Structure formats: structure tokens, C-alpha cells
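J.: This structure is in C-alpha cells; I'll ask about it shortly.
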Amino acid sequence: MKVLVICRDNIGDTILTTPLMSALSETLHCQVDVLVNSYNAEVLKGNPHISKTYSYTKTHHRNSKFSVIRIILSRIKLLFEIKKAGYDVAIIGKGTWDKRALHWAAFSKAKRIIALGKRTHPKITDLIPQSPSPYVHFVDLFHHMLEPLDISSRPGRLELYADAALIAMYRQRYGVSSERVVIALQISSRKVTQRWPAESFIQLAVRIAKAIPCQLLLLWSPGHSDNPRHPGDDEKAHHIAEACKDLPIIPIPTVTLSELFAAMSLCDLLVSSDGGAMHVGAALGKPTVALFGDSDPGHWAPWHVPHKILQNNDQDVRSISVDTVFIALENLLEQSSISLKQISLDRG
């Protein structure tokens with residue numbers, strides 16, 4: 001059986017489909033091919049369950065080297081390549097199917113098209129209804145799309161494969177300790193409502209440094225905040241780094257996703273707002289203190305790793321106090337057996 005999984009969305013959504021891909025490969029022994037965009041393609045790099053990855057560029061992701069016409073022509077060529085491959089099943093890896101994803105699935109001429117959502121469509125052979133419960137994680141929802149293929153297993157862990165050579169290079173370049181606890185502060189989130197303030201991160205860094213003999217890694221999305229295509233947090237990161245320059249904090253700029261994966265691999269624990277980077281941490285097995293604003297932690301919590309969810313009744317991430325985050329971090333260190341003594345013994 002040949003299966004095409006269509007992942008057109010953001011980094012986090014793509015990561016959350018990886019248990020579905022591994023189940024297809026391991027349980028049905030399918031050939032699993034994936035359609036991604038140029039922005040999220042690195043998420044699946046090195047995944048042993050994927051036979052082939054098709055990648056295309058969205059017009060708003062293009063750079064000056066590529067004209068819109070060139071991108072459209074490349075996309076047409078890709079459409080015909082997918083059609084020629086002859087897929088038995090196309091799965092739309094999205095919480096609710098949309099017409100663009102369905103266009104790709106239909107053009108593949110797959111015998112079956114499986115999707116999540118409420119709206120039916122003649123081309124969708126297997127529509128899996130979304131659960132009304134707010135406590136069903138999206139990994140579980142995605143896994144329900146395997147039921148028409150007679151796969152009833154529980155979803156496994158998220159999968160992400162960081163470059164070992166890049167990890168080693170980052171450890172050496174930035175002097176990241178292998179003998180002390182390393183805590184990553186990931187300060188970026190795509191949604192404005194999920195962004196914890198810079199001043200709160202500064203106060204948290206001071207609090208951690210006073211209480212725990214550790215190193216702190218400062219991670220963020222690269223770029224300027226006014227970039228219309230990919231708004232970044234360079235200014236916010238610079239402000240935090242300057243305010244914390246007397247602390248054991250290491251700012252690590254990560255221009256590519258592969259660099260983010262390598263940098264995050266160096267930490268023992270992650271503090272992050274809900275978003276793609278939080279799911280990167282979960283896929284790398286990092287215990288996580290997760291800060292939620294108005295998104296639903298029942299759907300988006302870090303999957304299969306120890307974690308603490310922090311969300312106030314007002315659903316405003318800015319109202320989460322530094323004290324609350326620090327206490328959650330201490331509790332998670334204990335829960336995850338990342339005690340200072342244990343880490344010292346393990347790494348000694």
C-alpha cells in the first residue's frame with residue numbers, strides 16, 4: 001500500500017502527525033510519502049518511516065530568488081509527479097480539512113481520501129468527525145484517521161531527528177555544560193496571545209540563576225518583529241540577553257529549524273509558550289513548562305513528556321506570574337528525576 005500524508009500547515013501540526021506516520025509504516029508496512037511545504041520540511045528530515053518527501057513553496061514564503069511564476073510552474077510539475085506515483089490512500093494531516101489540502105489529495109488520484117472535519121465532500125471517502133471534547137489531543141484525533149485502515153493502536157511518541165554533528169558543534173561553540181542542569185527559555189510564539197513578556201523572562205532567569213546551579217539557553221525565532229513574512233524576536237532576545245548579561249545565560253541564534261533542533265537538544269528542561277517550538281521540545285523528549293494563553297491545552301499539550309501546563313482563567317499568558325512558572329519548573333525537575341545530584345552522577 002502506498003500512502004500520501006499531506007502536511008501543509010505549521011511546524012507543530014506537522015510534528016503531531018509523526019505518530020500517525022510511524023503507525024502506517026510499522027503496523028501496515030506501508031510506503032509512506034509526505035507532502036510538505038518548504039517551511040516545515042525540515043521537521044521530517046531523517047524520519048525513518050518516510051520513504052519520500054515532496055516539498056513545495058508557498059507564495060508568501062518565497063524569497064527574492066524565486067518569482068511567483070516559477071513557484072507555480074514548480075507546483076504544477078509536482079502535482080503531476082504525485083499523480084504519477086499512484087497512491088492508494090491520501091490522508092489530510094490537518095485538524096479540519098480545507099480546500100487546498102483536498103486539492104492536493106484529489107489530484108493524487110488516491111483511491112481513498114481520509115480527512116478530519118465536520119463538512120462532507122464527494123471526494124472524501126472517509127470523513128472522521130472531530131471529537132466535541134476539549135480533552136482530546138490532536139495526536140489522538142490524527143490517529144483516528146487510521147481506523148478506516150484497521151489500525152486501532154494507541155499513538156506513540158512524537159519523532160524528530162536532530163543532527164548529531166550539529167548538536168556537538170553547538171555544545172562546543174557555545175560552551176554548553178555537560179555537568180550542570182541546562183534549562184532552555186524559548187521566548188517566541190507565532191500567536192501574539194501566547195507571548196510571555198520579556199520582563200517576565202528576565203525575572204524568571206534571575207530567579208533560576210539564584211536558586212539552581214545551571215546554565216540557561218535563550219532560544220527564539222530569528223528575524224525582526226516587523227518582518228511581514230516571518231516575524232521574529234531578535235529585538236526581544238537582545239533585550240533579555242542584555243538584562244541578563246551577568247547571569248549564566250547563553251543566547252543561541254537559530255536561523256534554520258535544524259539549528260533550533262540542535263540547540264534545544266542540549267537542554268534538560270524547556271520553558272516555552274504554546275507553539276511549534278514547544279512541540280519540537282516534546283518531540284526531542286524534553287520535560288516542558290508550557291505557558292498557555294487562549295489556546296486549548298487539552299488539544300495542544302506537550303505529548304508524551306513530563307510537563308506542567310500553566311494557564312489562567314483570563315486566558316491571558318501575560319497574567320501568568322514568574323512565581324508560578326518558577327514553582328512549576330522546580331516541581332518538574334523533581335517529577336522528571338532531573339535532580340541536580342542525579343544529573344551530576346549521570347554526567348560524571
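Chain labels follow the order of the C-alpha cells: the first chain is A, the next B, and so on; residue numbering restarts at 1 in every chain, and ligands are counted from 1 in their shown order.
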Tell me which protein, DNA and RNA residues are within 8 Å of region 116-125 of chain A, counting only C-alpha atoms, leaving out same-chain ones fewer than 2 positions away, and put them as number ranges by chain.
T.: A: 92, 94-97, 106, 112-114, 127-130, 141-142, 145
J.: For the residues in the current selection, export N, CA and C atoms as an mmCIF file, in the first residue's frame.
T.:
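This is the output file part-v6.cif:
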data_model
loop_
_atom_site.group_PDB
_atom_site.id
_atom_site.type_symbol
_atom_site.label_atom_id
_atom_site.label_comp_id
_atom_site.auth_asym_id
_atom_site.auth_seq_id
_atom_site.Cartn_x
_atom_site.Cartn_y
_atom_site.Cartn_z
ATOM 1 N N ILE A 92 -5.212 13.690 4.854
ATOM 2 C CA ILE A 92 -5.019 15.122 5.063
ATOM 3 C C ILE A 92 -4.673 15.348 6.531
ATOM 4 N N LYS A 94 -4.457 17.457 8.991
ATOM 5 C CA LYS A 94 -4.902 18.771 9.459
ATOM 6 C C LYS A 94 -6.116 18.583 10.355
ATOM 7 N N GLY A 95 -6.245 19.425 11.373
ATOM 8 C CA GLY A 95 -7.350 19.283 12.309
ATOM 9 C C GLY A 95 -8.709 19.374 11.657
ATOM 10 N N THR A 96 -8.834 20.184 10.615
ATOM 11 C CA THR A 96 -10.037 20.285 9.803
ATOM 12 C C THR A 96 -9.609 20.443 8.352
ATOM 13 N N TRP A 97 -10.070 19.590 7.475
ATOM 14 C CA TRP A 97 -9.629 19.651 6.085
ATOM 15 C C TRP A 97 -10.036 20.981 5.455
ATOM 16 N N ALA A 106 -6.965 15.150 -3.988
ATOM 17 C CA ALA A 106 -7.765 14.721 -5.138
ATOM 18 C C ALA A 106 -6.904 14.549 -6.383
ATOM 19 N N ARG A 112 -8.605 6.267 -1.874
ATOM 20 C CA ARG A 112 -9.312 6.704 -0.667
ATOM 21 C C ARG A 112 -8.681 8.009 -0.188
ATOM 22 N N ILE A 113 -9.517 8.918 0.264
ATOM 23 C CA ILE A 113 -9.055 10.160 0.869
ATOM 24 C C ILE A 113 -9.651 10.227 2.274
ATOM 25 N N ILE A 114 -8.774 10.315 3.265
ATOM 26 C CA ILE A 114 -9.193 10.333 4.666
ATOM 27 C C ILE A 114 -8.917 11.718 5.231
ATOM 28 N N LEU A 127 -14.547 10.398 6.137
ATOM 29 C CA LEU A 127 -14.525 11.615 6.943
ATOM 30 C C LEU A 127 -14.606 11.230 8.413
ATOM 31 N N ILE A 128 -13.589 11.584 9.166
ATOM 32 C CA ILE A 128 -13.539 11.271 10.598
ATOM 33 C C ILE A 128 -14.046 12.481 11.369
ATOM 34 N N PRO A 129 -15.146 12.346 12.106
ATOM 35 C CA PRO A 129 -15.692 13.500 12.822
ATOM 36 C C PRO A 129 -14.771 13.946 13.946
ATOM 37 N N GLN A 130 -14.685 15.246 14.127
ATOM 38 C CA GLN A 130 -13.901 15.777 15.232
ATOM 39 C C GLN A 130 -14.627 15.502 16.539
ATOM 40 N N LEU A 141 -6.598 12.718 17.725
ATOM 41 C CA LEU A 141 -7.500 12.994 16.604
ATOM 42 C C LEU A 141 -6.899 12.526 15.284
ATOM 43 N N PHE A 142 -5.625 12.853 15.073
ATOM 44 C CA PHE A 142 -4.959 12.413 13.847
ATOM 45 C C PHE A 142 -4.949 10.886 13.748
ATOM 46 N N MET A 145 -7.736 8.825 12.179
ATOM 47 C CA MET A 145 -7.808 8.702 10.724
ATOM 48 C C MET A 145 -7.257 7.369 10.227
#
J.: Skip Tyr54 (chain A) itself and residues of its chain fewer than 4 positions away, then list as a PDB file with N, CA and C atoms, in the first residue's frame all residues within 7 Å of it, counting only C-alpha atoms.
T.:
ATOM      1  N   VAL A  34       5.208  11.878   2.007  1.00  0.00           N
ATOM      2  CA  VAL A  34       4.629  13.053   2.662  1.00  0.00           C
ATOM      3  C   VAL A  34       4.779  14.273   1.768  1.00  0.00           C
ATOM      4  N   LEU A  35       3.723  15.069   1.712  1.00  0.00           N
ATOM      5  CA  LEU A  35       3.759  16.361   1.043  1.00  0.00           C
ATOM      6  C   LEU A  35       3.837  17.450   2.104  1.00  0.00           C
ATOM      7  N   VAL A  36       4.891  18.273   2.035  1.00  0.00           N
ATOM      8  CA  VAL A  36       5.078  19.365   2.984  1.00  0.00           C
ATOM      9  C   VAL A  36       5.357  20.646   2.202  1.00  0.00           C
TER      10      VAL A  36
END
J.: Can you list, as a PDB file with C-alpha atoms, in the first residue's frame, all residues belonging to region 76-310 of chain A that DSSP tags as alpha helix (DSSP H)?
T.:
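states.pdb was written with the following content:
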ATOM      1  CA  ILE A  76       2.277  22.067 -11.343  1.00  0.00           C
ATOM      2  CA  LYS A  77       5.217  19.777 -12.041  1.00  0.00           C
ATOM      3  CA  LEU A  78       4.947  18.404  -8.506  1.00  0.00           C
ATOM      4  CA  LEU A  79       1.224  17.774  -8.898  1.00  0.00           C
ATOM      5  CA  PHE A  80       1.821  15.573 -11.920  1.00  0.00           C
ATOM      6  CA  GLU A  81       4.684  13.753 -10.152  1.00  0.00           C
ATOM      7  CA  ILE A  82       2.365  12.908  -7.281  1.00  0.00           C
ATOM      8  CA  LYS A  83      -0.385  11.800  -9.659  1.00  0.00           C
ATOM      9  CA  LYS A  84       2.040   9.524 -11.495  1.00  0.00           C
ATOM     10  CA  ALA A  85       3.152   7.868  -8.221  1.00  0.00           C
ATOM     11  CA  LYS A  99      -9.961  23.027   0.009  1.00  0.00           C
ATOM     12  CA  ARG A 100      -6.226  23.488  -0.691  1.00  0.00           C
ATOM     13  CA  ALA A 101      -5.254  20.263   1.054  1.00  0.00           C
ATOM     14  CA  LEU A 102      -8.165  18.476  -0.608  1.00  0.00           C
ATOM     15  CA  HIS A 103      -6.985  19.757  -3.996  1.00  0.00           C
ATOM     16  CA  TRP A 104      -3.621  18.038  -3.489  1.00  0.00           C
ATOM     17  CA  ALA A 105      -5.300  14.850  -2.254  1.00  0.00           C
ATOM     18  CA  ALA A 106      -7.765  14.721  -5.138  1.00  0.00           C
ATOM     19  CA  PHE A 107      -5.090  15.333  -7.754  1.00  0.00           C
ATOM     20  CA  PHE A 138      -4.693  16.422  18.298  1.00  0.00           C
ATOM     21  CA  VAL A 139      -2.317  13.458  18.190  1.00  0.00           C
ATOM     22  CA  ASP A 140      -5.274  11.253  19.148  1.00  0.00           C
ATOM     23  CA  LEU A 141      -7.500  12.994  16.604  1.00  0.00           C
ATOM     24  CA  PHE A 142      -4.959  12.413  13.847  1.00  0.00           C
ATOM     25  CA  HIS A 143      -4.632   8.776  14.893  1.00  0.00           C
ATOM     26  CA  HIS A 144      -8.386   8.256  14.459  1.00  0.00           C
ATOM     27  CA  ALA A 164      24.210  14.793  15.897  1.00  0.00           C
ATOM     28  CA  ALA A 165      27.158  16.654  14.351  1.00  0.00           C
ATOM     29  CA  LEU A 166      25.338  19.982  14.688  1.00  0.00           C
ATOM     30  CA  ILE A 167      24.491  19.228  18.320  1.00  0.00           C
ATOM     31  CA  ALA A 168      28.157  18.528  19.076  1.00  0.00           C
ATOM     32  CA  MET A 169      29.239  21.679  17.254  1.00  0.00           C
ATOM     33  CA  TYR A 170      26.763  23.824  19.191  1.00  0.00           C
ATOM     34  CA  ARG A 171      27.853  22.342  22.501  1.00  0.00           C
ATOM     35  CA  GLN A 172      31.458  23.214  21.757  1.00  0.00           C
ATOM     36  CA  ARG A 173      30.812  26.603  20.133  1.00  0.00           C
ATOM     37  CA  TYR A 174      28.631  27.933  22.951  1.00  0.00           C
ATOM     38  CA  ALA A 198      10.340  39.911  28.008  1.00  0.00           C
ATOM     39  CA  GLU A 199      10.367  41.334  31.536  1.00  0.00           C
ATOM     40  CA  SER A 200       8.816  38.129  32.868  1.00  0.00           C
ATOM     41  CA  PHE A 201      11.514  36.032  31.184  1.00  0.00           C
ATOM     42  CA  ILE A 202      14.171  38.311  32.676  1.00  0.00           C
ATOM     43  CA  GLN A 203      12.767  37.942  36.187  1.00  0.00           C
ATOM     44  CA  LEU A 204      12.478  34.181  35.740  1.00  0.00           C
ATOM     45  CA  ALA A 205      16.097  33.924  34.565  1.00  0.00           C
ATOM     46  CA  VAL A 206      17.275  35.865  37.627  1.00  0.00           C
ATOM     47  CA  ARG A 207      15.194  33.647  39.916  1.00  0.00           C
ATOM     48  CA  ILE A 208      16.502  30.431  38.359  1.00  0.00           C
ATOM     49  CA  ALA A 209      20.136  31.552  38.416  1.00  0.00           C
ATOM     50  CA  LYS A 210      19.923  32.391  42.119  1.00  0.00           C
ATOM     51  CA  ALA A 211      18.328  29.088  43.085  1.00  0.00           C
ATOM     52  CA  ASP A 234      15.581  39.415  17.604  1.00  0.00           C
ATOM     53  CA  GLU A 235      14.816  42.642  19.482  1.00  0.00           C
ATOM     54  CA  LYS A 236      13.132  40.828  22.374  1.00  0.00           C
ATOM     55  CA  ALA A 237      16.007  38.345  22.640  1.00  0.00           C
ATOM     56  CA  HIS A 238      18.593  41.149  22.599  1.00  0.00           C
ATOM     57  CA  HIS A 239      16.736  42.958  25.391  1.00  0.00           C
ATOM     58  CA  ILE A 240      16.627  39.823  27.550  1.00  0.00           C
ATOM     59  CA  ALA A 241      20.276  38.975  26.870  1.00  0.00           C
ATOM     60  CA  GLU A 242      21.409  42.486  27.818  1.00  0.00           C
ATOM     61  CA  ALA A 243      19.382  42.475  31.017  1.00  0.00           C
ATOM     62  CA  LEU A 257      14.872  24.716  12.016  1.00  0.00           C
ATOM     63  CA  SER A 258      17.770  22.249  12.050  1.00  0.00           C
ATOM     64  CA  GLU A 259      19.706  24.705  14.205  1.00  0.00           C
ATOM     65  CA  LEU A 260      16.750  25.055  16.579  1.00  0.00           C
ATOM     66  CA  PHE A 261      16.532  21.265  16.890  1.00  0.00           C
ATOM     67  CA  ALA A 262      20.245  21.021  17.689  1.00  0.00           C
ATOM     68  CA  ALA A 263      20.183  23.845  20.224  1.00  0.00           C
ATOM     69  CA  MET A 264      17.117  22.519  22.004  1.00  0.00           C
ATOM     70  CA  SER A 265      18.681  19.054  22.141  1.00  0.00           C
ATOM     71  CA  GLY A 276       5.701  24.998  17.262  1.00  0.00           C
ATOM     72  CA  ALA A 277       8.887  25.227  19.336  1.00  0.00           C
ATOM     73  CA  MET A 278       7.105  23.688  22.330  1.00  0.00           C
ATOM     74  CA  HIS A 279       6.220  20.657  20.183  1.00  0.00           C
ATOM     75  CA  VAL A 280       9.832  20.493  18.984  1.00  0.00           C
ATOM     76  CA  GLY A 281      10.850  20.147  22.623  1.00  0.00           C
ATOM     77  CA  ALA A 282       8.294  17.388  23.200  1.00  0.00           C
ATOM     78  CA  ALA A 283       9.481  15.525  20.105  1.00  0.00           C
ATOM     79  CA  PRO A 297      -4.098  22.710  26.367  1.00  0.00           C
ATOM     80  CA  GLY A 298      -6.378  19.692  26.036  1.00  0.00           C
ATOM     81  CA  HIS A 299      -5.663  19.720  22.311  1.00  0.00           C
ATOM     82  CA  TRP A 300      -2.109  21.054  22.304  1.00  0.00           C
TER      83      TRP A 300
END
J.: Provide the CA of Val182 (chain A) to CA of Cys267 (chain A) distance in Å, to one decimal place.
T.: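 Those two atoms sit 4.8 Å apart.
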J.: With distances taken over only C-alpha atoms, which residue among A:Leu20, A:Ile11, A:Leu158, A:Ala110 lies nearest Asn40 (chain A)?
T.: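 So, comparing all the options, the nearest one is A:Ile11.
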J.: From the list A:Gln215, A:Ser321, A:Thr53, A:Ser336, which residue is nearest Pro306 (chain A) when using only C-alpha atoms?
T.: A:Ser336
J.: What gap, in Å, lies between CA of Asp13 (chain A) and CA of Ser295 (chain A)?
T.: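 These atoms are spaced 13.8 Å apart.
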J.: Write out as a PyMOL selection string all residues of region 180-241 of chain A that DSSP puts in strand (DSSP E or B) for this structure's backbone.
T.: chain A and resi 181-186+214-219
J.: Compile the contact shell of Trp220 (chain A) as number ranges by chain: residues with an atom at most 7 Å away, counting only C-alpha atoms, same-chain residues fewer than 5 positions apart removed.
T.: A: 186-188, 233, 237
J.: Contacts of Val271 (chain A) at 6 Å or less, counting only C-alpha atoms, minus same-chain residues fewer than 6 places along, as a PyMOL selection string?
T.: chain A and resi 185+288-289
J.: Write to file, as a JSON list (two decimals), in the first residue's frame, the residues of the selection just made, with N, CA and C atoms.
T.:
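Saved result, out-v5.json, follows:
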[["chain", "number", "residue", "atom", "x", "y", "z"],
["A", 185, "LEU", "N", 15.05, 28.64, 27.79],
["A", 185, "LEU", "CA", 13.94, 29.59, 27.79],
["A", 185, "LEU", "C", 13.64, 29.92, 26.33],
["A", 288, "THR", "N", 8.71, 19.84, 29.92],
["A", 288, "THR", "CA", 8.36, 21.19, 29.49],
["A", 288, "THR", "C", 7.40, 21.88, 30.45],
["A", 289, "VAL", "N", 7.74, 23.13, 30.82],
["A", 289, "VAL", "CA", 6.79, 24.03, 31.44],
["A", 289, "VAL", "C", 6.15, 24.82, 30.30]]
J.: Residues at most 7 Å from Gly93 (chain A), counting only C-alpha atoms, excluding those fewer than 4 positions away in the same chain, as a VMD selection string?
T.: chain A and resid 5 to 7 17 142
J.: Using C-alpha atoms, can you export the residues from the last selection as a PDB file, in the first residue's frame?
T.:
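Just written: out11.pdb:
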ATOM      1  CA  VAL A   5       0.204  12.199   4.023  1.00  0.00           C
ATOM      2  CA  ILE A   6      -0.451  15.873   3.299  1.00  0.00           C
ATOM      3  CA  CYS A   7       1.035  18.294   5.857  1.00  0.00           C
ATOM      4  CA  THR A  17       1.333  13.787  12.666  1.00  0.00           C
ATOM      5  CA  PHE A 142      -4.959  12.413  13.847  1.00  0.00           C
TER       6      PHE A 142
END
